[in-house]
file coords.cif (mmCIF, C-alpha atoms)
data_model
loop_
_atom_site.label_atom_id
_atom_site.label_comp_id
_atom_site.auth_asym_id
_atom_site.auth_seq_id
_atom_site.Cartn_x
_atom_site.Cartn_y
_atom_site.Cartn_z
CA MET R 1 77.77 140.25 27.55
CA THR R 2 76.79 136.61 27.35
CA ASN R 3 73.26 135.51 26.80
CA ARG R 4 71.81 133.55 29.71
CA LEU R 5 69.32 130.86 28.71
CA ILE R 6 67.07 129.28 31.31
CA GLY R 7 65.87 125.85 30.25
CA TYR R 8 66.66 122.17 29.80
CA SER R 9 68.49 121.20 26.65
CA ALA R 10 66.36 118.04 26.57
CA SER R 11 63.27 120.22 26.19
CA TYR R 12 63.01 120.89 22.50
CA PRO R 13 61.81 124.50 22.67
CA THR R 14 64.96 125.23 24.69
CA LEU R 15 67.02 123.32 22.12
CA ARG R 16 65.44 125.46 19.39
CA VAL R 17 67.00 128.56 21.00
CA ILE R 18 70.32 126.75 21.57
CA ILE R 19 70.52 125.88 17.85
CA CYS R 20 69.72 129.50 16.99
CA LEU R 21 72.44 130.82 19.31
CA LYS R 22 74.94 128.38 17.75
CA GLU R 23 73.90 129.27 14.20
CA LEU R 24 74.48 132.95 14.95
CA GLY R 25 77.84 132.26 16.63
CA LEU R 26 76.64 133.62 19.97
CA PRO R 27 78.11 132.51 23.30
CA TYR R 28 75.59 131.63 25.99
CA GLU R 29 75.24 130.08 29.42
CA LEU R 30 72.60 127.43 29.92
CA GLU R 31 70.99 127.50 33.34
CA PRO R 32 68.69 124.54 33.96
CA PRO R 33 65.86 125.24 36.43
CA ALA R 34 66.08 123.34 39.75
CA SER R 35 63.15 121.15 38.63
CA TYR R 36 59.98 121.18 36.52
CA GLN R 37 58.07 122.05 39.69
CA SER R 38 60.21 125.15 40.25
CA LEU R 39 58.71 126.68 37.09
CA LYS R 40 55.49 127.20 39.04
CA ASN R 41 57.17 129.00 41.93
CA GLU R 42 56.10 132.57 42.57
CA ASP R 43 59.62 133.78 41.96
CA PHE R 44 59.87 132.07 38.56
CA ILE R 45 56.49 133.39 37.52
CA ALA R 46 57.26 136.93 38.65
CA ASN R 47 60.81 137.16 37.31
CA LYS R 48 61.16 134.64 34.53
CA HIS R 49 57.98 133.46 32.74
CA PRO R 50 54.49 134.58 33.79
CA PHE R 51 53.00 131.31 32.50
CA GLY R 52 55.61 129.12 34.23
CA LYS R 53 57.35 127.91 31.06
CA MET R 54 60.81 127.64 29.57
CA PRO R 55 62.95 128.74 27.83
CA VAL R 56 63.64 132.25 29.08
CA LEU R 57 66.49 134.34 27.68
CA PHE R 58 68.33 137.16 29.40
CA ASP R 59 70.39 139.37 27.11
CA GLY R 60 71.98 141.49 29.81
CA ASP R 61 68.97 142.89 31.65
CA PHE R 62 66.61 142.34 28.76
CA ARG R 63 64.33 139.36 29.34
CA ILE R 64 62.37 137.63 26.59
CA THR R 65 60.31 134.42 26.57
CA GLU R 66 58.72 132.03 24.04
CA SER R 67 61.23 130.14 21.89
CA ARG R 68 60.25 131.39 18.42
CA ALA R 69 60.00 135.01 19.66
CA ILE R 70 63.45 134.59 21.27
CA CYS R 71 64.89 133.25 17.99
CA ARG R 72 63.43 136.13 15.99
CA TYR R 73 64.84 138.62 18.47
CA LEU R 74 68.32 137.04 18.35
CA ALA R 75 68.26 137.01 14.54
CA SER R 76 67.08 140.64 14.35
CA LYS R 77 69.73 141.84 16.74
CA TYR R 78 72.75 139.68 15.98
CA GLN R 79 72.55 138.13 12.53
CA GLY R 80 75.50 139.08 10.39
CA LYS R 81 77.50 140.27 13.43
CA HIS R 82 79.53 137.17 14.29
CA ASN R 83 79.23 135.24 11.03
CA ASP R 84 77.46 135.28 7.67
CA THR R 85 74.47 133.20 8.65
CA ILE R 86 71.22 134.87 7.68
CA LEU R 87 68.19 133.44 9.46
CA ILE R 88 65.69 136.14 8.50
CA PRO R 89 66.24 137.71 5.05
CA ASN R 90 66.39 141.48 4.85
CA ASP R 91 63.94 141.61 1.96
CA VAL R 92 60.46 142.23 3.39
CA HIS R 93 58.76 139.68 1.09
CA LYS R 94 61.25 136.90 1.80
CA ALA R 95 61.07 137.68 5.53
CA GLY R 96 57.27 137.48 5.30
CA LEU R 97 57.49 134.02 3.80
CA VAL R 98 59.96 132.83 6.47
CA ASP R 99 57.41 134.03 9.01
CA GLN R 100 54.66 132.18 7.16
CA PHE R 101 56.63 128.93 7.24
CA ILE R 102 57.31 129.38 10.97
CA SER R 103 53.53 129.70 11.38
CA TYR R 104 53.00 126.46 9.41
CA GLU R 105 55.39 124.72 11.80
CA LEU R 106 53.54 126.07 14.80
CA SER R 107 50.00 125.48 13.49
CA TYR R 108 50.29 122.20 11.59
CA TYR R 109 53.65 120.44 12.08
CA ASP R 110 54.22 120.86 15.81
CA PRO R 111 50.86 119.65 17.23
CA PRO R 112 51.19 116.01 16.08
CA LEU R 113 54.99 116.11 16.43
CA SER R 114 54.87 117.29 20.04
CA LYS R 115 52.41 114.50 20.90
CA LEU R 116 54.89 111.97 19.53
CA VAL R 117 57.78 113.61 21.41
CA TYR R 118 55.85 113.38 24.66
CA GLN R 119 54.67 109.82 24.13
CA GLU R 120 57.95 108.41 22.88
CA LYS R 121 60.52 110.35 24.90
CA PHE R 122 59.00 111.81 28.03
CA ALA R 123 55.90 109.92 29.16
CA LYS R 124 57.63 106.98 30.78
CA LYS R 125 60.94 108.54 31.77
CA PHE R 126 59.66 111.72 33.38
CA PHE R 127 56.00 111.08 34.18
CA ASN R 128 55.94 107.31 34.69
CA LYS R 129 53.12 106.89 32.18
CA ASP R 130 53.13 104.19 29.53
CA PRO R 131 53.04 105.49 25.97
CA ASP R 132 49.50 105.37 24.55
CA PRO R 133 49.53 103.44 21.23
CA GLU R 134 46.27 105.02 20.07
CA VAL R 135 47.58 108.57 20.55
CA ILE R 136 50.83 107.59 18.80
CA LYS R 137 48.95 106.08 15.86
CA GLN R 138 46.72 109.14 15.39
CA ALA R 139 49.61 111.59 15.74
CA HIS R 140 51.68 109.58 13.25
CA GLU R 141 48.83 109.67 10.71
CA GLU R 142 48.27 113.38 11.23
CA LEU R 143 51.98 114.15 10.82
CA ALA R 144 52.05 111.99 7.66
CA LYS R 145 49.39 114.25 6.08
CA VAL R 146 51.34 117.36 7.11
CA LEU R 147 54.52 115.94 5.58
CA ASP R 148 52.64 115.25 2.35
CA VAL R 149 52.10 119.02 2.18
CA TYR R 150 55.77 119.66 3.03
CA GLU R 151 56.78 117.28 0.21
CA LYS R 152 55.04 119.66 -2.21
CA LEU R 153 56.30 122.82 -0.47
CA LEU R 154 59.88 121.56 -0.92
CA GLU R 155 59.51 120.78 -4.64
CA GLY R 156 62.46 122.33 -6.45
CA LYS R 157 63.81 123.81 -3.22
CA GLU R 158 66.65 122.96 -0.86
CA TYR R 159 65.00 124.66 2.11
CA LEU R 160 61.48 125.87 2.85
CA ASN R 161 62.13 129.41 1.67
CA GLY R 162 64.76 128.46 -0.91
CA GLU R 163 67.72 129.35 1.29
CA TYR R 164 68.27 128.10 4.84
CA SER R 165 66.39 130.23 7.35
CA LEU R 166 64.72 130.32 10.74
CA ALA R 167 61.76 128.55 9.06
CA ASP R 168 63.88 125.37 8.82
CA LEU R 169 65.62 125.82 12.18
CA VAL R 170 62.42 125.85 14.25
CA LEU R 171 61.54 122.33 13.09
CA CYS R 172 64.87 120.71 13.83
CA PRO R 173 64.91 119.78 17.50
CA GLY R 174 61.47 118.17 17.63
CA THR R 175 62.05 116.37 14.32
CA ASN R 176 65.32 114.96 15.61
CA TYR R 177 63.51 113.38 18.54
CA VAL R 178 60.69 111.84 16.55
CA TYR R 179 62.89 110.72 13.66
CA GLY R 180 65.06 108.81 16.11
CA ALA R 181 62.13 107.33 18.04
CA GLY R 182 60.88 104.88 15.43
CA HIS R 183 59.11 107.25 13.03
CA SER R 184 61.90 107.88 10.49
CA ASP R 185 59.69 106.50 7.71
CA LEU R 186 57.65 109.70 7.83
CA TRP R 187 60.64 111.63 6.47
CA ASP R 188 62.46 108.87 4.59
CA ASN R 189 59.45 107.91 2.46
CA ARG R 190 59.19 111.36 0.91
CA PRO R 191 62.17 112.24 -1.33
CA ASN R 192 62.05 116.04 -1.01
CA VAL R 193 61.48 115.85 2.74
CA LYS R 194 64.19 113.20 3.10
CA ASN R 195 66.79 115.31 1.28
CA TRP R 196 65.82 118.39 3.20
CA TRP R 197 66.14 116.63 6.56
CA SER R 198 69.55 115.22 5.50
CA ARG R 199 70.73 118.68 4.62
CA LEU R 200 69.55 120.01 7.98
CA CYS R 201 71.26 117.19 9.87
CA ASN R 202 74.52 118.15 8.18
CA ARG R 203 74.56 121.66 9.54
CA ASP R 204 77.22 122.06 12.25
CA ALA R 205 74.88 123.66 14.76
CA ASN R 206 72.41 120.79 14.42
CA LYS R 207 75.11 118.12 14.43
CA LYS R 208 76.61 119.48 17.65
CA SER R 209 73.25 120.04 19.32
CA PHE R 210 71.93 116.58 18.43
CA GLU R 211 75.16 114.99 19.77
CA GLU R 212 74.80 116.85 23.07
CA ILE R 213 71.19 115.67 23.40
CA LYS R 214 72.11 112.10 22.58
CA SER R 215 74.65 112.25 25.40
CA PHE R 216 72.02 113.58 27.77
CA TRP R 217 69.62 110.69 27.10
CA GLU R 218 72.39 108.09 27.32
CA ASN R 219 73.51 109.41 30.69
CA ASN R 220 70.08 109.86 32.19
CA MET K 221 48.02 148.34 -6.37
CA THR K 222 45.25 147.19 -4.08
CA ILE K 223 45.69 144.40 -1.65
CA LYS K 224 43.41 141.40 -2.07
CA LEU K 225 42.37 139.49 1.04
CA ILE K 226 40.73 136.11 0.72
CA GLY K 227 38.67 135.32 3.78
CA LYS K 228 35.36 135.71 5.52
CA SER K 229 34.57 138.67 7.71
CA LEU K 230 33.08 136.38 10.36
CA SER K 231 36.27 134.36 10.57
CA SER K 232 38.37 135.58 13.44
CA PRO K 233 41.79 135.33 11.76
CA THR K 234 40.42 137.27 8.76
CA VAL K 235 39.15 140.00 11.10
CA ARG K 236 42.62 140.18 12.64
CA VAL K 237 44.10 141.07 9.23
CA ILE K 238 41.27 143.49 8.42
CA ILE K 239 41.91 145.41 11.64
CA CYS K 240 45.61 145.55 10.79
CA LEU K 241 44.93 146.81 7.24
CA LYS K 242 42.61 149.51 8.56
CA GLU K 243 45.01 150.58 11.31
CA LEU K 244 47.71 151.05 8.67
CA GLY K 245 45.32 152.98 6.40
CA LEU K 246 45.63 150.42 3.59
CA PRO K 247 42.90 149.94 0.98
CA TYR K 248 41.98 146.33 0.26
CA GLU K 249 39.40 144.12 -1.43
CA LEU K 250 37.85 141.29 0.53
CA GLU K 251 37.07 138.20 -1.52
CA SER K 252 35.06 135.46 0.18
CA PRO K 253 35.72 131.88 -0.88
CA ALA K 254 32.74 130.25 -2.63
CA SER K 255 32.17 127.96 0.38
CA LEU K 256 33.98 126.12 3.17
CA GLN K 257 34.21 123.13 0.82
CA SER K 258 35.98 125.19 -1.85
CA LEU K 259 38.97 125.49 0.50
CA LYS K 260 39.57 121.79 -0.15
CA ASP K 261 39.68 122.19 -3.96
CA GLU K 262 42.97 121.31 -5.63
CA ASP K 263 43.13 124.79 -7.10
CA TYR K 264 42.78 126.42 -3.69
CA ILE K 265 45.43 124.18 -2.18
CA ALA K 266 47.86 124.79 -5.03
CA ASN K 267 47.32 128.54 -5.47
CA LYS K 268 46.04 129.88 -2.18
CA HIS K 269 46.75 127.93 1.01
CA PRO K 270 48.45 124.50 1.08
CA PHE K 271 46.73 123.70 4.38
CA ARG K 272 43.30 124.84 3.08
CA LYS K 273 42.82 127.79 5.39
CA ILE K 274 41.84 131.43 5.30
CA PRO K 275 42.96 134.19 5.24
CA VAL K 276 45.28 134.52 2.25
CA LEU K 277 46.65 137.88 1.19
CA PHE K 278 47.81 138.93 -2.27
CA ASP K 279 49.89 142.11 -2.45
CA GLY K 280 50.17 142.35 -6.22
CA ASP K 281 51.68 138.99 -7.18
CA PHE K 282 53.07 138.35 -3.72
CA ARG K 283 51.06 135.77 -1.79
CA ILE K 284 51.28 135.26 1.98
CA THR K 285 49.19 133.15 4.36
CA GLU K 286 48.62 132.80 8.12
CA SER K 287 47.05 135.82 9.83
CA ARG K 288 49.87 136.78 12.22
CA PRO K 289 52.64 136.62 9.52
CA ILE K 290 50.34 138.55 7.19
CA CYS K 291 49.99 141.27 9.84
CA ARG K 292 53.74 141.35 10.50
CA TYR K 293 54.44 141.59 6.78
CA LEU K 294 51.97 144.46 6.31
CA VAL K 295 53.48 146.31 9.25
CA SER K 296 57.07 145.76 8.07
CA LYS K 297 56.24 147.00 4.60
CA TYR K 298 53.67 149.72 5.15
CA GLN K 299 53.83 151.08 8.68
CA ASP K 300 54.42 154.82 8.68
CA LYS K 301 53.59 155.11 5.00
CA HIS K 302 49.92 156.14 5.13
CA ASN K 303 49.61 157.35 8.71
CA ASP K 304 51.51 157.57 12.02
CA THR K 305 50.33 154.31 13.52
CA ILE K 306 53.23 152.20 14.76
CA LEU K 307 52.29 148.56 15.27
CA ILE K 308 55.78 147.10 15.64
CA PRO K 309 58.32 149.42 17.31
CA ASN K 310 61.60 150.01 15.51
CA ASP K 311 63.65 149.28 18.63
CA VAL K 312 64.75 145.63 18.51
CA HIS K 313 64.02 145.01 22.20
CA LYS K 314 60.52 146.51 22.10
CA ALA K 315 59.80 144.62 18.87
CA GLY K 316 60.98 141.41 20.58
CA LEU K 317 58.50 141.96 23.40
CA VAL K 318 55.63 142.63 20.96
CA ASP K 319 56.52 139.30 19.37
CA GLN K 320 56.55 137.65 22.79
CA PHE K 321 53.05 138.93 23.59
CA ILE K 322 51.80 137.70 20.21
CA SER K 323 53.19 134.31 21.22
CA TYR K 324 51.34 134.48 24.56
CA GLU K 325 48.10 135.12 22.67
CA LEU K 326 48.70 132.13 20.45
CA SER K 327 49.96 129.74 23.14
CA TYR K 328 47.82 130.58 26.17
CA TYR K 329 44.96 133.01 25.38
CA ASP K 330 43.65 131.54 22.13
CA PRO K 331 43.18 127.85 23.05
CA PRO K 332 40.59 128.22 25.84
CA ILE K 333 38.69 131.16 24.34
CA SER K 334 38.56 129.49 20.94
CA LYS K 335 37.03 126.45 22.63
CA LEU K 336 34.37 128.66 24.22
CA ILE K 337 33.58 130.35 20.92
CA HIS K 338 33.45 127.07 19.08
CA GLN K 339 31.12 125.52 21.63
CA GLU K 340 28.80 128.47 21.94
CA LYS K 341 28.76 129.90 18.43
CA PHE K 342 29.78 127.27 15.91
CA SER K 343 29.13 123.83 17.33
CA LYS K 344 25.41 123.79 16.61
CA ARG K 345 25.46 126.05 13.53
CA LEU K 346 28.22 124.36 11.58
CA PHE K 347 28.44 120.86 12.99
CA ASN K 348 24.97 120.29 14.40
CA LYS K 349 26.40 119.32 17.77
CA ASP K 350 24.99 120.65 21.02
CA PRO K 351 27.42 122.66 23.13
CA ASP K 352 29.14 120.49 25.75
CA PRO K 353 28.74 122.06 29.23
CA GLU K 354 31.74 120.19 30.61
CA VAL K 355 34.06 121.50 27.87
CA ILE K 356 32.67 125.01 28.41
CA LYS K 357 33.23 124.78 32.17
CA GLN K 358 36.84 123.63 31.79
CA ALA K 359 37.63 126.17 29.08
CA ARG K 360 36.19 128.95 31.23
CA GLU K 361 38.30 127.92 34.21
CA GLU K 362 41.42 127.68 32.08
CA PHE K 363 40.71 131.08 30.55
CA ALA K 364 40.14 132.66 33.98
CA LYS K 365 43.67 131.59 34.95
CA VAL K 366 45.06 133.11 31.75
CA LEU K 367 43.31 136.40 32.48
CA ASP K 368 44.77 136.35 36.00
CA VAL K 369 48.19 136.44 34.32
CA TYR K 370 47.09 139.21 31.95
CA GLU K 371 45.83 141.21 34.95
CA LYS K 372 49.42 141.23 36.24
CA LEU K 373 50.96 141.80 32.79
CA LEU K 374 48.80 144.94 32.41
CA GLU K 375 49.73 146.38 35.81
CA ARG K 376 50.47 150.10 35.28
CA LYS K 377 50.30 149.65 31.54
CA GLU K 378 47.73 150.90 29.05
CA TYR K 379 48.59 148.25 26.52
CA LEU K 380 50.50 144.95 26.66
CA ASN K 381 53.78 146.49 25.58
CA GLY K 382 53.11 149.91 27.10
CA GLU K 383 52.08 151.54 23.83
CA TYR K 384 49.45 150.17 21.45
CA SER K 385 50.91 147.55 19.11
CA LEU K 386 50.22 144.48 17.02
CA ALA K 387 50.31 142.53 20.29
CA ASP K 388 46.99 144.13 21.30
CA ILE K 389 45.43 143.80 17.84
CA VAL K 390 45.85 140.02 17.76
CA HIS K 391 43.73 139.78 20.93
CA THR K 392 40.82 141.87 19.72
CA TYR K 393 38.59 139.68 17.66
CA TYR K 394 37.23 137.37 20.34
CA VAL K 395 34.17 139.51 20.79
CA TYR K 396 31.72 136.62 21.01
CA GLY K 397 33.55 134.97 23.86
CA ILE K 398 33.82 138.29 25.58
CA VAL K 399 30.15 139.12 25.30
CA THR K 400 29.07 135.78 26.76
CA HIS K 401 31.67 135.68 29.51
CA SER K 402 32.04 139.38 30.15
CA ASP K 403 32.39 138.77 33.89
CA LEU K 404 35.86 137.32 33.28
CA TRP K 405 36.95 140.69 31.90
CA ASP K 406 34.86 142.90 34.16
CA ASN K 407 36.15 141.30 37.36
CA ARG K 408 39.74 142.21 36.56
CA PRO K 409 40.26 146.00 36.54
CA ASN K 410 43.45 146.14 34.43
CA VAL K 411 42.03 143.72 31.86
CA LYS K 412 38.70 145.56 31.82
CA ASN K 413 40.35 148.94 31.23
CA TRP K 414 42.61 147.51 28.54
CA TRP K 415 39.66 145.99 26.71
CA ASN K 416 37.66 149.25 26.91
CA ARG K 417 40.62 151.18 25.56
CA LEU K 418 40.89 148.78 22.63
CA CYS K 419 37.17 148.98 21.95
CA ASN K 420 37.43 152.76 21.76
CA ARG K 421 39.89 152.75 18.92
CA ASP K 422 37.98 153.72 15.77
CA VAL K 423 39.09 150.80 13.67
CA ILE K 424 38.41 148.21 16.34
CA LYS K 425 35.11 149.78 17.39
CA LYS K 426 33.84 149.64 13.83
CA SER K 427 35.08 146.13 13.24
CA LEU K 428 33.54 144.76 16.42
CA GLU K 429 30.23 146.47 15.63
CA GLU K 430 30.20 144.93 12.16
CA THR K 431 30.86 141.45 13.52
CA LYS K 432 28.34 141.83 16.34
CA SER K 433 25.76 143.06 13.88
CA PHE K 434 26.49 140.18 11.52
CA TRP K 435 25.78 137.64 14.30
CA GLU K 436 22.64 139.43 15.39
CA ASN K 437 21.28 139.35 11.86
CA ASN K 438 22.36 135.81 11.10
CA GLU K 439 21.28 133.82 14.12
CA ASN K 440 20.31 130.96 11.86
CA ILE K 441 23.22 130.45 9.47
#
call {"tool": "encode", "arguments": {"input": "coords.cif", "output": "structure tokens"}}
result
Amino acid sequence: MTNRLIGYSASYPTLRVIICLKELGLPYELEPPASYQSLKNEDFIANKHPFGKMPVLFDGDFRITESRAICRYLASKYQGKHNDTILIPNDVHKAGLVDQFISYELSYYDPPLSKLVYQEKFAKKFFNKDPDPEVIKQAHEELAKVLDVYEKLLEGKEYLNGEYSLADLVLCPGTNYVYGAGHSDLWDNRPNVKNWWSRLCNRDANKKSFEEIKSFWENN
Amino acid sequence: MTIKLIGKSLSSPTVRVIICLKELGLPYELESPASLQSLKDEDYIANKHPFRKIPVLFDGDFRITESRPICRYLVSKYQDKHNDTILIPNDVHKAGLVDQFISYELSYYDPPISKLIHQEKFSKRLFNKDPDPEVIKQAREEFAKVLDVYEKLLERKEYLNGEYSLADIVHTYYVYGIVTHSDLWDNRPNVKNWWNRLCNRDVIKKSLEETKSFWENNENI
């Protein structure tokens, strides 16, 4: 039974799940909502996401929301079934550290990153608001400090937890946006971070997903 | 080998881990950092938490940070070993939903209630700033909308995922916000019953009493 994913591929939490599905070799159908406004409809709230958000995944009748929770679920259920890709190690200590790094992404990396994504990619196009240079400047500085920490975390390592894992995956879609929106120096000026991002960009699932997104923005 | 937890028992994320340790029947030692400033020391950053936070857990030589991953790790490793308490179900679908509810707490529940707690408990004490009534008003309104959703999520359920789980534990430490804005809970029957059920669990009851008592005895930190 195919997984049904409700969301927009341009929305990077949805793209996070798409990359995860691709990494695990899972077929899926993407079903974009009618509009952003439709997320607040009673029907969407009752049957898809009680807080009016995307993405939402249906695995048969089983419904699950929140992109990182969806990814963990997919990894727990399907990893190793269609290919060899391991996103969450079986060892309880290694899995704990992957979880820790996902929490770093959520707590420290994503807040400034998501501000930059909004300002640089969505503000004008979708909300007709000019980007705010002061917000961009502050978010850039905040993300720079976070990446200084990542530079140390990646010392002597190819990926955050040594081997590629969900901890690296969760960062990819948002980073792709901001890297390509005039802030590449943040990654390129830090050798460990730069090499790590290069490695991530070379993964098939990321390559394909980033190409699809590029197409979306060029055609819209 | 005993578990060592670095944190402060008045820090909400530390309390979250303490409740989890107690629910699993795990002995531990709590070690408070010397001061808030000591979290910024090079040694702390290098050997405890690279983002200068608490809590940090050492299980023997194994170090893990961030309260929700610490809880998940403890559950994965120790659940069912010292007692019968199941905090993450073995079924992959039920476990997925527990994870989803933990994400709701983080994404929607925590932001407004943390603002309320910061304004009303910490703003003056730690930063010498008077609480801002406008921020409090907006945070309260935002939180009321979140609890409206929880009221529906808890329809016909005793706990968020049906049975008690880690999803409920992560919501339990906001006692200060609850005490000051108890009407938000009391006006919603499902939420009110859920909260009372949680407060009646031995571990949570004790922990909330300890924190309440700490604040009563330390009005002037």
call {"tool": "closest_residue", "arguments": {"input": "coords.cif", "among": "K:Glu340, K:Glu430, K:Asp261, K:Asp281", "to": "chain R", "atoms": "all atoms listed in the file"}}
result
K:Asp281
call {"tool": "resolve_selection", "arguments": {"input": "coords.cif", "expression": "the PyMOL selection byres ((chain K) within 9 of (chain R))", "output": "count of residues only"}}
result
34
call {"tool": "atom_distance", "arguments": {"input": "coords.cif", "atom1": "CA of Lys412 in chain K", "atom2": "CA of Trp435 in chain K"}}
result
23.2 Å
call {"tool": "resolve_selection", "arguments": {"input": "coords.cif", "expression": "the PyMOL selection byres ((chain R and resi 35) around 12)", "output": "ChimeraX atom specification"}}
result
/R:6-8,31-34,36-41,44,52-54,126
call {"tool": "resolve_selection", "arguments": {"input": "coords.cif", "expression": "the PyMOL selection byres ((chain K and resi 298-300) around 12)", "output": "ChimeraX atom specification"}}
result
/R:92-93 /K:223,240-247,279,290-297,301-310,385-386
